[in-house]
Every structure is written in structure tokens, then in C-alpha cells.
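Novice: structure.cif is reproduced in full below (mmCIF, C-alpha atoms).
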```
data_start
#
loop_
_atom_site.group_PDB
_atom_site.id
_atom_site.type_symbol
_atom_site.label_atom_id
_atom_site.label_comp_id
_atom_site.auth_asym_id
_atom_site.auth_seq_id
_atom_site.Cartn_x
_atom_site.Cartn_y
_atom_site.Cartn_z
ATOM 1 C CA MET R 1 -39.044 16.705 33.158
ATOM 2 C CA GLN R 2 -38.079 13.334 34.626
ATOM 3 C CA HIS R 3 -38.188 11.795 31.187
ATOM 4 C CA ARG R 4 -35.616 14.297 29.894
ATOM 5 C CA GLY R 5 -33.279 13.541 32.778
ATOM 6 C CA PHE R 6 -33.631 9.805 32.154
ATOM 7 C CA LEU R 7 -32.951 10.227 28.422
ATOM 8 C CA LEU R 8 -29.921 12.414 29.102
ATOM 9 C CA LEU R 9 -28.544 9.918 31.601
ATOM 10 C CA SER R 10 -29.147 7.055 29.146
ATOM 11 C CA LEU R 11 -27.373 8.957 26.373
ATOM 12 C CA LEU R 12 -24.339 9.641 28.567
ATOM 13 C CA ALA R 13 -24.159 5.978 29.594
ATOM 14 C CA LEU R 14 -24.326 4.909 25.929
ATOM 15 C CA LEU R 15 -21.525 7.308 24.973
ATOM 16 C CA ALA R 16 -19.332 6.056 27.824
ATOM 17 C CA LEU R 17 -19.933 2.439 26.796
ATOM 18 C CA THR R 18 -19.144 3.186 23.137
ATOM 19 C CA SER R 19 -15.907 4.946 24.119
ATOM 20 C CA ALA R 20 -14.818 2.020 26.319
ATOM 21 C CA VAL R 21 -15.442 -0.484 23.490
ATOM 22 C CA ALA R 22 -13.467 1.650 21.009
ATOM 23 C CA LYS R 23 -10.497 1.870 23.394
ATOM 24 C CA LYS R 24 -10.560 -1.904 23.892
ATOM 25 C CA LYS R 25 -10.496 -2.478 20.098
ATOM 26 C CA ASP R 26 -7.460 -0.175 19.752
ATOM 27 C CA LYS R 27 -5.641 -2.075 22.476
ATOM 28 C CA VAL R 28 -6.319 -5.421 20.777
ATOM 29 C CA LYS R 29 -4.850 -4.090 17.515
ATOM 30 C CA LYS R 30 -1.680 -2.805 19.173
ATOM 31 C CA ASP R 31 -1.076 -5.926 21.268
ATOM 32 C CA GLY R 32 -2.037 -8.418 18.570
ATOM 33 C CA PRO R 33 -0.097 -11.613 17.804
ATOM 34 C CA GLY R 34 3.431 -11.285 16.478
ATOM 35 C CA ILE R 35 3.983 -7.671 17.476
ATOM 36 C CA GLU R 36 6.616 -8.296 20.151
ATOM 37 C CA CYS R 37 9.693 -10.035 18.794
ATOM 38 C CA ALA R 38 13.350 -9.828 19.769
ATOM 39 C CA GLU R 39 14.473 -10.132 16.132
ATOM 40 C CA GLU R 40 13.445 -8.198 13.047
ATOM 41 C CA TRP R 41 10.430 -9.289 11.019
ATOM 42 C CA ALA R 42 11.208 -10.740 7.572
ATOM 43 C CA TRP R 43 8.351 -10.194 5.133
ATOM 44 C CA GLY R 44 7.746 -12.040 1.874
ATOM 45 C CA PRO R 45 6.256 -10.558 -1.260
ATOM 46 C CA CYS R 46 2.582 -9.745 -1.597
ATOM 47 C CA THR R 47 0.848 -12.699 -3.284
ATOM 48 C CA PRO R 48 -2.522 -11.859 -4.863
ATOM 49 C CA SER R 49 -5.401 -14.249 -4.104
ATOM 50 C CA SER R 50 -6.306 -14.536 -7.787
ATOM 51 C CA LYS R 51 -4.536 -13.732 -11.044
ATOM 52 C CA ASP R 52 -1.613 -11.287 -10.831
ATOM 53 C CA CYS R 53 -3.158 -8.285 -9.061
ATOM 54 C CA GLY R 54 -5.676 -7.282 -6.446
ATOM 55 C CA VAL R 55 -6.080 -8.223 -2.776
ATOM 56 C CA GLY R 56 -3.821 -10.898 -1.375
ATOM 57 C CA PHE R 57 -1.614 -11.785 1.569
ATOM 58 C CA ARG R 58 1.965 -11.228 2.718
ATOM 59 C CA GLU R 59 3.582 -13.671 5.139
ATOM 60 C CA GLY R 60 6.167 -12.624 7.687
ATOM 61 C CA SER R 61 8.286 -14.448 10.208
ATOM 62 C CA CYS R 62 10.252 -13.473 13.284
ATOM 63 C CA GLY R 63 11.981 -16.322 15.043
ATOM 64 C CA ALA R 64 9.333 -19.012 15.585
ATOM 65 C CA GLN R 65 6.426 -16.586 15.056
ATOM 66 C CA THR R 66 4.667 -16.214 11.726
ATOM 67 C CA GLN R 67 2.076 -13.667 10.738
ATOM 68 C CA ARG R 68 -0.081 -13.193 7.665
ATOM 69 C CA ILE R 69 -1.321 -9.720 6.742
ATOM 70 C CA ARG R 70 -3.527 -8.425 3.955
ATOM 71 C CA CYS R 71 -1.934 -6.505 1.090
ATOM 72 C CA ARG R 72 -2.932 -5.257 -2.337
ATOM 73 C CA ILE R 73 -1.170 -5.042 -5.687
ATOM 74 C CA PRO R 74 -2.778 -2.472 -8.027
ATOM 75 C CA CYS R 75 -3.854 -4.029 -11.320
ATOM 76 C CA ASN R 76 -1.965 -1.397 -13.322
ATOM 77 C CA TRP R 77 1.292 -2.254 -11.459
ATOM 78 C CA LYS R 78 2.815 -4.913 -13.716
ATOM 79 C CA LYS R 79 6.450 -3.969 -13.313
ATOM 80 C CA GLU R 80 9.303 -6.408 -12.950
ATOM 81 C CA PHE R 81 10.613 -4.676 -9.819
ATOM 82 C CA GLY R 82 7.452 -5.262 -7.772
ATOM 83 C CA ALA R 83 5.135 -3.098 -5.724
ATOM 84 C CA ASP R 84 7.365 -3.044 -2.601
ATOM 85 C CA CYS R 85 10.206 -1.126 -4.260
ATOM 86 C CA LYS R 86 9.432 2.576 -4.622
ATOM 87 C CA TYR R 87 11.500 4.619 -7.088
ATOM 88 C CA LYS R 88 11.861 8.284 -7.994
ATOM 89 C CA PHE R 89 11.881 8.511 -11.786
ATOM 90 C CA GLU R 90 13.407 11.040 -14.143
ATOM 91 C CA ASN R 91 11.430 12.407 -17.078
ATOM 92 C CA TRP R 92 10.998 10.217 -20.138
ATOM 93 C CA GLY R 93 13.745 10.558 -22.723
ATOM 94 C CA ALA R 94 13.230 11.231 -26.408
ATOM 95 C CA CYS R 95 11.733 8.577 -28.638
ATOM 96 C CA ASP R 96 14.310 6.247 -30.208
ATOM 97 C CA GLY R 97 13.237 5.896 -33.843
ATOM 98 C CA GLY R 98 15.056 2.572 -34.290
ATOM 99 C CA THR R 99 13.328 0.748 -31.437
ATOM 100 C CA GLY R 100 10.199 2.884 -31.136
ATOM 101 C CA THR R 101 10.614 3.172 -27.362
ATOM 102 C CA LYS R 102 11.319 5.792 -24.676
ATOM 103 C CA VAL R 103 13.590 5.174 -21.676
ATOM 104 C CA ARG R 104 13.821 6.642 -18.187
ATOM 105 C CA GLN R 105 15.795 5.832 -15.073
ATOM 106 C CA GLY R 106 14.652 5.523 -11.466
ATOM 107 C CA THR R 107 16.613 5.612 -8.204
ATOM 108 C CA LEU R 108 15.449 3.701 -5.146
ATOM 109 C CA LYS R 109 13.458 5.885 -2.768
ATOM 110 C CA LYS R 110 12.045 3.286 -0.363
ATOM 111 C CA ALA R 111 12.068 -0.508 0.074
ATOM 112 C CA ARG R 112 8.991 -1.706 1.969
ATOM 113 C CA TYR R 113 8.845 -4.892 4.045
ATOM 114 C CA ASN R 114 12.598 -5.518 3.679
ATOM 115 C CA ALA R 115 12.248 -6.133 -0.066
ATOM 116 C CA GLN R 116 15.418 -6.759 -2.062
ATOM 117 C CA CYS R 117 15.438 -3.840 -4.507
ATOM 118 C CA GLN R 118 17.895 -2.628 -7.124
ATOM 119 C CA GLU R 119 19.405 0.805 -6.453
ATOM 120 C CA THR R 120 18.723 2.051 -9.988
ATOM 121 C CA ILE R 121 16.482 0.705 -12.722
ATOM 122 C CA ARG R 122 15.750 1.555 -16.331
ATOM 123 C CA VAL R 123 12.256 1.203 -17.745
ATOM 124 C CA THR R 124 11.037 1.488 -21.317
ATOM 125 C CA LYS R 125 7.699 2.051 -22.949
ATOM 126 C CA PRO R 126 6.545 2.375 -26.553
ATOM 127 C CA CYS R 127 6.513 5.823 -28.078
ATOM 128 C CA ASN R 128 3.124 7.383 -28.664
ATOM 129 C CA PRO R 129 2.348 6.791 -32.367
ATOM 130 C CA LYS R 130 0.019 9.803 -32.565
ATOM 131 C CA THR R 131 0.911 13.376 -31.791
ATOM 132 C CA LYS R 132 -1.758 15.031 -29.710
ATOM 133 C CA ALA R 133 -2.245 18.186 -31.757
ATOM 134 C CA LYS R 134 -5.389 20.153 -31.052
ATOM 135 C CA ALA R 135 -7.450 21.076 -34.060
ATOM 136 C CA LYS R 136 -7.908 24.818 -34.300
ATOM 137 C CA GLY R 137 -10.869 26.660 -35.767
ATOM 138 C CA GLN R 138 -13.256 23.713 -35.956
#
```
Translate the structure described by the file into C-alpha cells.
Specialist:
Amino acid sequence: MQHRGFLLLSLLALLALTSAVAKKKDKVKKDGPGIECAEEWAWGPCTPSSKDCGVGFREGSCGAQTQRIRCRIPCNWKKEFGADCKYKFENWGACDGGTGTKVRQGTLKKARYNAQCQETIRVTKPCNPKTKAKAKGQ
């Protein structure tokens, strides 16, 4: 019986210690360097560590303080307007037979990290050369 009481007491002490460590980690994250600043943070673009996509870093400054945070550019995101400008796009238009491309327009929905974004953009892509017709009866 004494062994059970000792194990229960040990378990409760372990849980209390784990909870205290977790709270301390949260506090360190909130009060980390560069959080308090009288001015507004100015963030640069996300620069991938290798090639033109993947994990990289974004540098920010506020007065005399500088901070470097991790960021990521998806490898399928090779658009001229960048990953920090988020747009709401219309549906694709009809295929232009002369150029072989489709066009659609997007309006700015959100600019992250104070990015300089255009209010509206037009993007094009090649028309699909094949029509996706399902074969029936085969």
C-alpha cells in the first residue's frame, strides 16, 4: 500500500514539474528578443536557403533592433508577385486561340509582413491541349 502512495505522489510531482517547464517555455516565446518596440516592424522578403523555394529566413528591423525568423516558400509558388501577397482570383477565362493562353484577374486580399503588393494582378497560363473526355462503354 505504501508503494502505491509513493508512486502516486511521484507521478503528481512529475506532472507539476512538467507543467511548470511548459509554462516557462511559453513565457520565453512571448517575451523573446525584438517583441517590444515603439515603432512598427519592417519585414523583408522570405529568402530561401537554397535555390528558389523551400525553408529560408526573413529579416525584420524595428529601430535599432533586428530579428531573423524562419519562413517557407512552397516550391510550386513561382509567381512574380511573391508568397507574401495573397489574392482572391476570379475563374479562368476562355482559351485565346491566338496566344494559346487563359487569363484571370486577382484582387489583393492580404499583404503579409508589410509587403508592397499590387491591388490587382492578371495571370496567364497555357490552355490545356487535351480535352478530358471520359471514354464511355470501354
Novice: Residue by residue, what does the PyMOL selection byres ((chain R and resi 44) around 9) grab here? Present the result as a VMD selection string.
Specialist: chain R and resid 42 to 43 45 to 47 58 to 61 113 to 115
Novice: May I ask for the distance between atom CA of R:Ala38 and atom CA of R:Asp84, given in Å to one decimal place?
Specialist: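 Taking atom CA of R:Ala38 and atom CA of R:Asp84, their separation equals 24.1 Å.
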Novice: What is the distance, in Å and to one decimal place, between atom CA of R:Lys110 and atom CA of R:Phe89?
Specialist: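 That distance, rounded to one decimal, is 12.6 Å.
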Novice: I want to know what sits within 9 Å of R:Glu119, based on all atoms listed in the file, with residues of the same chain fewer than 6 positions away left out; could you give that as a PDB file with C-alpha atoms, keeping the file's coordinate frame?
Specialist:
```pdb
ATOM      1  CA  TYR R  87      11.500   4.619  -7.088  1.00  0.00           C
ATOM      2  CA  GLY R 106      14.652   5.523 -11.466  1.00  0.00           C
ATOM      3  CA  THR R 107      16.613   5.612  -8.204  1.00  0.00           C
ATOM      4  CA  LEU R 108      15.449   3.701  -5.146  1.00  0.00           C
ATOM      5  CA  LYS R 109      13.458   5.885  -2.768  1.00  0.00           C
TER       6      LYS R 109
END
```
Novice: For each of R:Cys62, R:Ala83, R:Val103, R:Ala94, take the minimum atom-to-atom distance to R:Gln116, counting all atoms listed in the file, then give the residue where this is smallest.
Specialist: R:Ala83
Novice: Near stretch 98-100 of chain R, counting only C-alpha atoms, which residues have an atom at most 7 Å away, once you skip same-chain residues fewer than 3 positions from it, shown as a list in words?
Specialist: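 Close residues of stretch 98-100 of chain R: Cys95, Pro126 and Cys127 of chain R.
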Novice: List the neighbours of R:Thr124 out to 7 Å using all atoms listed in the file; skip same-chain residues closer than 3 positions along the sequence, and give me the result as a ChimeraX atom specification.
Specialist: /R:101-104
Novice: Residues of the last selection are to be written out with C-alpha atoms, as a short mmCIF file (atom, residue, chain, number, x, y, z; two decimals), keeping the file's coordinate frame.
Specialist:
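Wrote it out as again.cif, contents follow:
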```
data_model
loop_
_atom_site.label_atom_id
_atom_site.label_comp_id
_atom_site.auth_asym_id
_atom_site.auth_seq_id
_atom_site.Cartn_x
_atom_site.Cartn_y
_atom_site.Cartn_z
CA THR R 101 10.61 3.17 -27.36
CA LYS R 102 11.32 5.79 -24.68
CA VAL R 103 13.59 5.17 -21.68
CA ARG R 104 13.82 6.64 -18.19
#
```
Novice: One decimal, in Å: what's the spacing between atom CA of R:Glu36 and atom CA of R:Cys117?
Specialist: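 Distance reported for this atom pair: 26.6 Å.
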Novice: So, with all atoms listed in the file as the atoms that count, which of R:Pro74, R:Arg122, R:Glu90, R:Ile69 lies closest to R:Gly54?
Specialist: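 Under the stated criterion, the closest residue is R:Pro74.
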